[in-house]
$ cat input13.cif   # mmCIF, C-alpha atoms
data_start
#
loop_
_atom_site.group_PDB
_atom_site.id
_atom_site.type_symbol
_atom_site.label_atom_id
_atom_site.label_comp_id
_atom_site.auth_asym_id
_atom_site.auth_seq_id
_atom_site.Cartn_x
_atom_site.Cartn_y
_atom_site.Cartn_z
ATOM 1 C CA MET A 1 126.022 156.387 17.832
ATOM 2 C CA VAL A 2 127.442 158.958 15.430
ATOM 3 C CA ARG A 3 130.229 161.398 16.162
ATOM 4 C CA VAL A 4 131.777 163.724 13.588
ATOM 5 C CA GLY A 5 134.141 166.627 13.944
ATOM 6 C CA SER A 6 137.308 168.413 13.004
ATOM 7 C CA ALA A 7 140.869 167.789 14.135
ATOM 8 C CA HIS A 8 141.722 168.873 17.662
ATOM 9 C CA ALA A 9 143.466 172.224 18.032
ATOM 10 C CA ALA A 10 144.904 174.220 20.900
ATOM 11 C CA VAL A 11 141.900 175.952 22.474
ATOM 12 C CA ALA A 12 141.274 178.192 25.429
ATOM 13 C CA SER A 13 138.053 176.482 26.525
ATOM 14 C CA CYS A 14 136.482 173.077 25.998
ATOM 15 C CA ILE A 15 132.718 172.775 26.530
ATOM 16 C CA LEU A 16 130.212 169.905 26.436
ATOM 17 C CA ILE A 17 126.518 170.637 25.832
ATOM 18 C CA THR A 18 123.957 167.840 25.868
ATOM 19 C CA GLY A 19 120.544 168.464 24.328
ATOM 20 C CA ALA A 20 122.217 170.807 21.839
ATOM 21 C CA SER A 21 119.672 170.103 19.087
ATOM 22 C CA GLY A 22 116.930 171.602 21.282
ATOM 23 C CA GLU A 23 116.158 175.307 21.361
ATOM 24 C CA LEU A 24 117.809 176.050 24.709
ATOM 25 C CA GLY A 25 120.786 173.803 24.003
ATOM 26 C CA GLY A 26 121.261 175.424 20.598
ATOM 27 C CA ALA A 27 121.017 178.889 22.120
ATOM 28 C CA LEU A 28 123.684 177.965 24.679
ATOM 29 C CA ALA A 29 125.931 176.597 21.920
ATOM 30 C CA ARG A 30 125.684 179.882 20.009
ATOM 31 C CA CYS A 31 126.163 181.894 23.194
ATOM 32 C CA TYR A 32 129.491 180.205 23.906
ATOM 33 C CA SER A 33 130.734 180.163 20.306
ATOM 34 C CA ARG A 34 133.774 182.296 19.678
ATOM 35 C CA ASP A 35 137.397 181.946 18.587
ATOM 36 C CA GLY A 36 139.359 179.699 20.929
ATOM 37 C CA VAL A 37 136.354 177.657 22.106
ATOM 38 C CA SER A 38 135.923 173.953 21.387
ATOM 39 C CA LEU A 39 132.359 172.653 21.584
ATOM 40 C CA SER A 40 131.152 169.067 21.856
ATOM 41 C CA LEU A 41 127.461 169.177 20.980
ATOM 42 C CA TRP A 42 125.224 166.208 21.732
ATOM 43 C CA GLY A 43 121.712 165.919 20.349
ATOM 44 C CA ARG A 44 119.107 163.503 19.022
ATOM 45 C CA ASP A 45 117.955 165.488 15.969
ATOM 46 C CA LEU A 46 120.836 165.121 13.515
ATOM 47 C CA GLY A 47 119.492 167.696 11.055
ATOM 48 C CA ARG A 48 119.065 170.415 13.684
ATOM 49 C CA LEU A 49 122.335 169.455 15.349
ATOM 50 C CA ALA A 50 124.222 169.882 12.062
ATOM 51 C CA ALA A 51 122.635 173.285 11.460
ATOM 52 C CA ILE A 52 123.517 174.477 14.969
ATOM 53 C CA ALA A 53 127.071 173.168 14.565
ATOM 54 C CA ASP A 54 127.465 175.116 11.312
ATOM 55 C CA ALA A 55 126.187 178.298 13.001
ATOM 56 C CA CYS A 56 128.693 177.830 15.833
ATOM 57 C CA ARG A 57 131.572 177.266 13.418
ATOM 58 C CA ALA A 58 130.620 180.468 11.619
ATOM 59 C CA LEU A 59 131.053 182.251 14.973
ATOM 60 C CA GLY A 60 134.586 180.875 15.303
ATOM 61 C CA ALA A 61 134.127 177.762 17.466
ATOM 62 C CA ILE A 62 135.707 174.382 16.816
ATOM 63 C CA VAL A 63 132.764 171.955 16.856
ATOM 64 C CA GLU A 64 132.242 168.221 17.181
ATOM 65 C CA THR A 65 128.830 166.573 17.305
ATOM 66 C CA ARG A 66 127.547 163.344 18.740
ATOM 67 C CA SER A 67 124.195 161.597 18.420
ATOM 68 C CA LEU A 68 123.560 159.407 21.451
ATOM 69 C CA ASP A 69 120.422 158.452 23.368
ATOM 70 C CA ILE A 70 121.165 159.275 27.002
ATOM 71 C CA GLU A 71 118.523 156.752 28.064
ATOM 72 C CA ASP A 72 121.481 154.384 27.662
ATOM 73 C CA VAL A 73 123.107 155.813 30.773
ATOM 74 C CA ALA A 74 126.203 153.604 30.694
ATOM 75 C CA ALA A 75 126.937 154.561 27.071
ATOM 76 C CA ALA A 76 126.403 158.263 27.830
ATOM 77 C CA VAL A 77 128.785 158.182 30.793
ATOM 78 C CA ALA A 78 131.381 156.218 28.822
ATOM 79 C CA ALA A 79 131.213 158.679 25.912
ATOM 80 C CA ALA A 80 131.542 161.662 28.246
ATOM 81 C CA VAL A 81 134.580 160.140 29.957
ATOM 82 C CA GLU A 82 136.122 159.258 26.601
ATOM 83 C CA GLU A 83 135.772 162.826 25.360
ATOM 84 C CA ASP A 84 137.009 164.301 28.640
ATOM 85 C CA THR A 85 140.087 162.079 28.429
ATOM 86 C CA ALA A 86 140.854 163.247 24.892
ATOM 87 C CA ALA A 87 140.244 166.947 25.645
ATOM 88 C CA PRO A 88 139.365 167.817 29.263
ATOM 89 C CA PHE A 89 136.170 169.827 29.632
ATOM 90 C CA ASP A 90 136.275 173.205 31.336
ATOM 91 C CA LEU A 91 132.489 173.511 31.311
ATOM 92 C CA VAL A 92 129.693 170.939 31.012
ATOM 93 C CA LEU A 93 126.075 171.979 30.440
ATOM 94 C CA LEU A 94 123.642 169.089 30.954
ATOM 95 C CA VAL A 95 120.604 170.391 29.094
ATOM 96 C CA SER A 96 118.907 167.193 27.881
ATOM 97 C CA GLY A 97 115.531 166.532 29.440
ATOM 98 C CA LEU A 98 111.951 165.493 28.788
ATOM 99 C CA GLY A 99 108.727 167.194 29.773
ATOM 100 C CA ASP A 100 105.416 165.378 29.885
ATOM 101 C CA THR A 101 102.132 165.305 31.747
ATOM 102 C CA ARG A 102 99.424 162.837 32.644
ATOM 103 C CA PRO A 103 97.660 161.747 29.423
ATOM 104 C CA THR A 104 94.080 162.893 28.952
ATOM 105 C CA GLY A 105 91.641 160.378 30.406
ATOM 106 C CA GLU A 106 94.216 158.716 32.684
ATOM 107 C CA GLN A 107 94.060 158.899 36.466
ATOM 108 C CA VAL A 108 97.862 158.804 36.867
ATOM 109 C CA GLU A 109 100.886 158.873 34.589
ATOM 110 C CA PRO A 110 101.787 155.522 32.973
ATOM 111 C CA ALA A 111 104.609 153.599 34.615
ATOM 112 C CA GLU A 112 106.587 153.643 31.356
ATOM 113 C CA LEU A 113 106.475 157.443 31.262
ATOM 114 C CA VAL A 114 107.608 157.695 34.872
ATOM 115 C CA ALA A 115 110.530 155.354 34.192
ATOM 116 C CA ARG A 116 111.590 157.235 31.062
ATOM 117 C CA LEU A 117 111.493 160.657 32.701
ATOM 118 C CA GLY A 118 113.360 159.234 35.686
ATOM 119 C CA THR A 119 116.182 158.119 33.405
ATOM 120 C CA VAL A 120 116.403 161.184 31.154
ATOM 121 C CA ASN A 121 115.686 163.907 33.719
ATOM 122 C CA PHE A 122 117.558 162.499 36.698
ATOM 123 C CA THR A 123 119.647 159.337 36.336
ATOM 124 C CA ALA A 124 121.520 160.247 33.148
ATOM 125 C CA PRO A 125 122.466 163.848 34.032
ATOM 126 C CA ALA A 126 123.272 162.893 37.622
ATOM 127 C CA ALA A 127 125.513 160.009 36.538
ATOM 128 C CA MET A 128 127.256 162.081 33.866
ATOM 129 C CA GLY A 129 127.632 164.964 36.290
ATOM 130 C CA ALA A 130 129.155 162.730 38.944
ATOM 131 C CA ALA A 131 131.620 161.174 36.512
ATOM 132 C CA LEU A 132 132.766 164.506 35.095
ATOM 133 C CA ALA A 133 132.767 166.339 38.429
ATOM 134 C CA GLY A 134 135.145 163.742 39.828
ATOM 135 C CA ARG A 135 137.517 164.248 36.930
ATOM 136 C CA MET A 136 137.281 168.037 37.257
ATOM 137 C CA ALA A 137 137.962 167.773 40.983
ATOM 138 C CA SER A 138 141.157 165.859 40.283
ATOM 139 C CA ARG A 139 142.209 168.708 37.966
ATOM 140 C CA ARG A 140 141.145 171.330 40.551
ATOM 141 C CA ARG A 141 139.070 173.291 38.035
ATOM 142 C CA GLY A 142 135.855 173.150 36.023
ATOM 143 C CA ALA A 143 132.176 174.039 36.035
ATOM 144 C CA LEU A 144 128.995 172.004 35.740
ATOM 145 C CA VAL A 145 125.501 173.231 34.887
ATOM 146 C CA PHE A 146 122.330 171.223 35.456
ATOM 147 C CA ILE A 147 119.142 172.390 33.749
ATOM 148 C CA GLY A 148 116.312 171.738 36.161
ATOM 149 C CA SER A 149 112.887 173.365 36.231
ATOM 150 C CA ALA A 150 110.764 175.690 38.324
ATOM 151 C CA ALA A 151 108.330 172.739 38.391
ATOM 152 C CA ALA A 152 110.702 171.094 40.877
ATOM 153 C CA PHE A 153 109.403 173.477 43.553
ATOM 154 C CA HIS A 154 105.793 172.316 43.263
ATOM 155 C CA ALA A 155 103.979 168.979 43.602
ATOM 156 C CA LEU A 156 102.150 169.161 40.270
ATOM 157 C CA PRO A 157 99.427 166.487 40.340
ATOM 158 C CA PHE A 158 99.247 166.238 36.533
ATOM 159 C CA ALA A 159 103.051 166.028 36.137
ATOM 160 C CA ALA A 160 104.281 164.011 39.105
ATOM 161 C CA ALA A 161 107.083 162.399 37.093
ATOM 162 C CA TYR A 162 108.340 165.672 35.644
ATOM 163 C CA SER A 163 108.194 167.721 38.830
ATOM 164 C CA GLY A 164 109.516 164.798 40.885
ATOM 165 C CA THR A 165 112.501 164.029 38.656
ATOM 166 C CA LYS A 166 113.446 167.701 38.425
ATOM 167 C CA ALA A 167 113.185 167.972 42.226
ATOM 168 C CA GLY A 168 115.548 165.032 42.558
ATOM 169 C CA LEU A 169 117.996 166.623 40.137
ATOM 170 C CA ALA A 170 117.854 169.890 42.095
ATOM 171 C CA ARG A 171 118.758 168.165 45.367
ATOM 172 C CA PHE A 172 121.522 166.173 43.672
ATOM 173 C CA ALA A 173 123.024 169.304 42.082
ATOM 174 C CA ASP A 174 123.059 171.115 45.407
ATOM 175 C CA ALA A 175 124.712 168.185 47.189
ATOM 176 C CA LEU A 176 127.280 167.750 44.409
ATOM 177 C CA ARG A 177 128.059 171.473 44.548
ATOM 178 C CA LEU A 178 128.976 171.217 48.219
ATOM 179 C CA ASN A 179 130.977 168.065 47.557
ATOM 180 C CA VAL A 180 133.259 169.477 44.847
ATOM 181 C CA ARG A 181 133.478 173.129 45.902
ATOM 182 C CA PRO A 182 136.663 172.530 47.978
ATOM 183 C CA TYR A 183 138.344 171.238 44.800
ATOM 184 C CA GLY A 184 137.753 174.362 42.719
ATOM 185 C CA VAL A 185 134.754 173.027 40.793
ATOM 186 C CA SER A 186 131.537 175.045 40.581
ATOM 187 C CA VAL A 187 128.041 173.607 40.107
ATOM 188 C CA THR A 188 125.128 175.749 38.937
ATOM 189 C CA LEU A 189 121.506 174.622 38.993
ATOM 190 C CA VAL A 190 119.239 176.458 36.545
ATOM 191 C CA SER A 191 115.488 176.387 37.284
ATOM 192 C CA PRO A 192 113.660 178.016 34.373
ATOM 193 C CA GLY A 193 109.949 178.616 34.236
ATOM 194 C CA PHE A 194 108.468 179.062 30.788
ATOM 195 C CA ILE A 195 110.787 179.213 27.782
ATOM 196 C CA ASP A 196 109.359 180.430 24.490
ATOM 197 C CA THR A 197 109.969 177.314 22.386
ATOM 198 C CA GLU A 198 108.117 175.896 19.402
ATOM 199 C CA ALA A 199 106.934 172.906 21.445
ATOM 200 C CA GLY A 200 105.657 175.182 24.189
ATOM 201 C CA ARG A 201 103.752 177.345 21.711
ATOM 202 C CA GLN A 202 101.887 174.265 20.461
ATOM 203 C CA THR A 203 100.291 173.687 23.866
ATOM 204 C CA HIS A 204 100.174 177.251 25.215
ATOM 205 C CA ASP A 205 99.323 180.516 23.564
ATOM 206 C CA GLY A 206 101.119 183.541 24.959
ATOM 207 C CA ARG A 207 102.335 182.087 28.262
ATOM 208 C CA ALA A 208 103.032 184.732 30.858
ATOM 209 C CA PHE A 209 106.717 185.421 31.583
ATOM 210 C CA ALA A 210 107.953 183.141 28.755
ATOM 211 C CA MET A 211 111.585 183.975 27.953
ATOM 212 C CA ALA A 212 113.344 183.652 24.603
ATOM 213 C CA PRO A 213 115.946 180.830 24.542
ATOM 214 C CA ASP A 214 118.750 183.255 23.592
ATOM 215 C CA LEU A 215 117.982 185.420 26.632
ATOM 216 C CA VAL A 216 117.905 182.374 28.911
ATOM 217 C CA ALA A 217 121.257 181.263 27.504
ATOM 218 C CA LYS A 218 122.795 184.672 28.201
ATOM 219 C CA ARG A 219 121.524 184.626 31.779
ATOM 220 C CA ILE A 220 122.981 181.145 32.266
ATOM 221 C CA GLU A 221 126.345 182.253 30.881
ATOM 222 C CA GLN A 222 126.388 185.145 33.357
ATOM 223 C CA ALA A 223 125.454 182.878 36.276
ATOM 224 C CA VAL A 224 128.210 180.389 35.413
ATOM 225 C CA ARG A 225 130.774 183.189 35.183
ATOM 226 C CA ARG A 226 129.781 184.325 38.670
ATOM 227 C CA LYS A 227 129.780 180.729 39.974
ATOM 228 C CA LYS A 228 126.196 181.165 41.083
ATOM 229 C CA ALA A 229 124.753 178.136 42.863
ATOM 230 C CA HIS A 230 121.140 178.533 41.719
ATOM 231 C CA LEU A 231 119.555 180.568 38.952
ATOM 232 C CA ILE A 232 115.744 180.845 38.926
ATOM 233 C CA LEU A 233 114.276 182.632 35.943
ATOM 234 C CA PRO A 234 112.287 184.623 35.205
ATOM 235 C CA TRP A 235 112.084 186.297 38.619
ATOM 236 C CA PRO A 236 108.335 185.695 39.281
ATOM 237 C CA PHE A 237 109.080 181.987 39.667
ATOM 238 C CA ALA A 238 111.305 182.736 42.639
ATOM 239 C CA LEU A 239 108.298 184.423 44.238
ATOM 240 C CA LEU A 240 106.094 181.424 43.418
ATOM 241 C CA ARG A 241 108.632 179.162 45.119
ATOM 242 C CA ALA A 242 108.537 181.280 48.278
ATOM 243 C CA PHE A 243 104.733 181.412 48.129
ATOM 244 C CA ASP A 244 104.535 177.613 47.914
ATOM 245 C CA ARG A 245 106.749 177.277 50.992
ATOM 246 C CA LEU A 246 104.746 179.767 53.054
ATOM 247 C CA LEU A 247 101.254 178.470 52.279
ATOM 248 C CA PRO A 248 99.657 176.121 54.819
ATOM 249 C CA ALA A 249 99.639 172.582 53.460
ATOM 250 C CA VAL A 250 95.836 172.460 53.139
ATOM 251 C CA LEU A 251 95.702 175.646 51.063
ATOM 252 C CA ARG A 252 98.679 174.611 48.975
ATOM 253 C CA ASP A 253 97.048 171.260 48.145
ATOM 254 C CA ARG A 254 93.796 172.938 47.141
ATOM 255 C CA LEU A 255 95.647 175.360 44.896
ATOM 256 C CA LEU A 256 97.675 172.621 43.188
ATOM 257 C CA LEU A 257 94.577 170.477 42.639
ATOM 258 C CA SER A 258 92.844 173.428 41.000
ATOM 259 C CA LEU A 259 95.540 173.820 38.333
ATOM 260 C CA THR A 260 94.604 172.940 34.774
ATOM 261 C CA PRO A 261 97.004 170.562 32.995
ATOM 262 C CA PRO A 262 98.851 172.077 29.995
ATOM 263 C CA GLY A 263 97.231 171.523 26.618
#
$ encode --input "input13.cif" --output "C-alpha cells"
Amino acid sequence: MVRVGSAHAAVASCILITGASGELGGALARCYSRDGVSLSLWGRDLGRLAAIADACRALGAIVETRSLDIEDVAAAVAAAVEEDTAAPFDLVLLVSGLGDTRPTGEQVEPAELVARLGTVNFTAPAAMGAALAGRMASRRRGALVFIGSAAAFHALPFAAAYSGTKAGLARFADALRLNVRPYGVSVTLVSPGFIDTEAGRQTHDGRAFAMAPDLVAKRIEQAVRRKKAHLILPWPFALLRAFDRLLPAVLRDRLLLSLTPPG
C-alpha cells in the first residue's frame, strides 16, 4: 500500500473517490476540484493516479493519493476508517469496479471470475459504504455515491457475474439509503449505460448513447447536490429498464438470449 500527500489544511469539503485512476473516477476528481476541497484519491494505476492528482492540484484542490487493492476488503475498510478519523469525509464516491463477460468458447463464466467480480463490485463497496455511512450517521451529515450499472436491470446471460453483482449493489444502496436518511446522510445510486472510455472503444465501435466521462461526472455532481436517490443515464436506459419489467417473461428471455456478447 502506498499513500502520499500534502499536510492537512482547513478545508470546506473532504471527499474520497475510489477508482480515481480510471476515466470516470478521474473525471469525478476533476469535477470536484476547486479551492477549499480536500480529495483522497484511490487507484491501482500509480502513473495515471499521479497525473490526475496533479491536474486536481492545479485546479486548487488539496490532494492525497492511495494505492490499495480493494479485493483485500478488510484493508480497504480499515484504510477508509483511518482516513475518515483523521479528516471526516463529507462525500464518498465508490467508483471502483470490474466489468467482464463470459470468455469465448466457455459455456459459463469461470468461478474465479465470479468470485472476483463479487468482491470488487459488491462486497468491497458495500462494506466500505456501511462503515462510512455509520460514521456519517453519527455526525448527522454526509453523502455516499455508489456507481452501479444499467446492466443491473437485466439478466445478461453472457455477463451473469457483472449484472448480478451490480444488481446486488443496487439493492444494497437503496436499503442503506433508507437506513441512514433519518440521520441526515444521503445515498445516491448511479446506473450508467455506456461510457465513452478507452477500454470500451477497444471492444465497441461507436456505441449508441455513449457519454463522455466528464459529462457523466457533471451529472453525478448535480444528482448528489439534489440528494437524488437514483440516477440512470443516459435517459434511454431508463426506458430499457421499464421495457424489461413490462415484457412477459418468455419474451424477455428470448430477447436476452438473442443478445450478442460484447467484443
$ resolve_selection --input "input13.cif" --expression "the PyMOL selection byres ((chain A and resi 225) around 12)" --output "PDB file with C-alpha atoms, keeping the file's coordinate frame"
ATOM      1  CA  TYR A  32     129.491 180.205  23.906  1.00  0.00           C
ATOM      2  CA  LEU A  91     132.489 173.511  31.311  1.00  0.00           C
ATOM      3  CA  GLY A 142     135.855 173.150  36.023  1.00  0.00           C
ATOM      4  CA  ALA A 143     132.176 174.039  36.035  1.00  0.00           C
ATOM      5  CA  LEU A 144     128.995 172.004  35.740  1.00  0.00           C
ATOM      6  CA  VAL A 145     125.501 173.231  34.887  1.00  0.00           C
ATOM      7  CA  SER A 186     131.537 175.045  40.581  1.00  0.00           C
ATOM      8  CA  VAL A 187     128.041 173.607  40.107  1.00  0.00           C
ATOM      9  CA  THR A 188     125.128 175.749  38.937  1.00  0.00           C
ATOM     10  CA  LYS A 218     122.795 184.672  28.201  1.00  0.00           C
ATOM     11  CA  ARG A 219     121.524 184.626  31.779  1.00  0.00           C
ATOM     12  CA  ILE A 220     122.981 181.145  32.266  1.00  0.00           C
ATOM     13  CA  GLU A 221     126.345 182.253  30.881  1.00  0.00           C
ATOM     14  CA  GLN A 222     126.388 185.145  33.357  1.00  0.00           C
ATOM     15  CA  ALA A 223     125.454 182.878  36.276  1.00  0.00           C
ATOM     16  CA  VAL A 224     128.210 180.389  35.413  1.00  0.00           C
ATOM     17  CA  ARG A 226     129.781 184.325  38.670  1.00  0.00           C
ATOM     18  CA  LYS A 227     129.780 180.729  39.974  1.00  0.00           C
ATOM     19  CA  LYS A 228     126.196 181.165  41.083  1.00  0.00           C
ATOM     20  CA  ALA A 229     124.753 178.136  42.863  1.00  0.00           C
TER      21      ALA A 229
END
$ closest_residue --input "input13.cif" --among "A:Leu117, A:Ala151, A:Leu98, A:Ile17" --to "Val63 in chain A" --atoms "all atoms listed in the file"
A:Ile17
$ resolve_selection --input "input13.cif" --expression "the PyMOL selection byres ((chain A and resi 65) around 10)" --output "PyMOL selection string"
chain A and resi 2-6+16-18+20-21+39-43+46+49-50+52-53+63-64+66-68
$ closest_residue --input "input13.cif" --among "A:Ser33, A:Thr165, A:Ser138, A:Thr197" --to "Arg181 in chain A" --atoms "all atoms listed in the file"
A:Ser138
$ residues_around --input "input13.cif" --residues "Asn179 in chain A" --least-positions-apart "6" --cutoff "12 Å" --atoms "all atoms listed in the file" --output "short mmCIF file (atom, residue, chain, number, x, y, z; two decimals) with C-alpha atoms, in the frame of the given file"
data_model
loop_
_atom_site.label_atom_id
_atom_site.label_comp_id
_atom_site.auth_asym_id
_atom_site.auth_seq_id
_atom_site.Cartn_x
_atom_site.Cartn_y
_atom_site.Cartn_z
CA ALA A 130 129.16 162.73 38.94
CA ALA A 133 132.77 166.34 38.43
CA GLY A 134 135.15 163.74 39.83
CA ALA A 137 137.96 167.77 40.98
CA PHE A 172 121.52 166.17 43.67
CA ALA A 173 123.02 169.30 42.08
CA VAL A 185 134.75 173.03 40.79
CA SER A 186 131.54 175.04 40.58
CA VAL A 187 128.04 173.61 40.11
#
$ resolve_selection --input "input13.cif" --expression "the PyMOL selection byres ((chain A and resi 61) around 8)" --output "list in words"
Ser33, Arg34, Asp35, Gly36, Val37, Ser38, Leu39, Cys56, Arg57, Ala58, Leu59, Gly60, Ile62 and Val63 of chain A
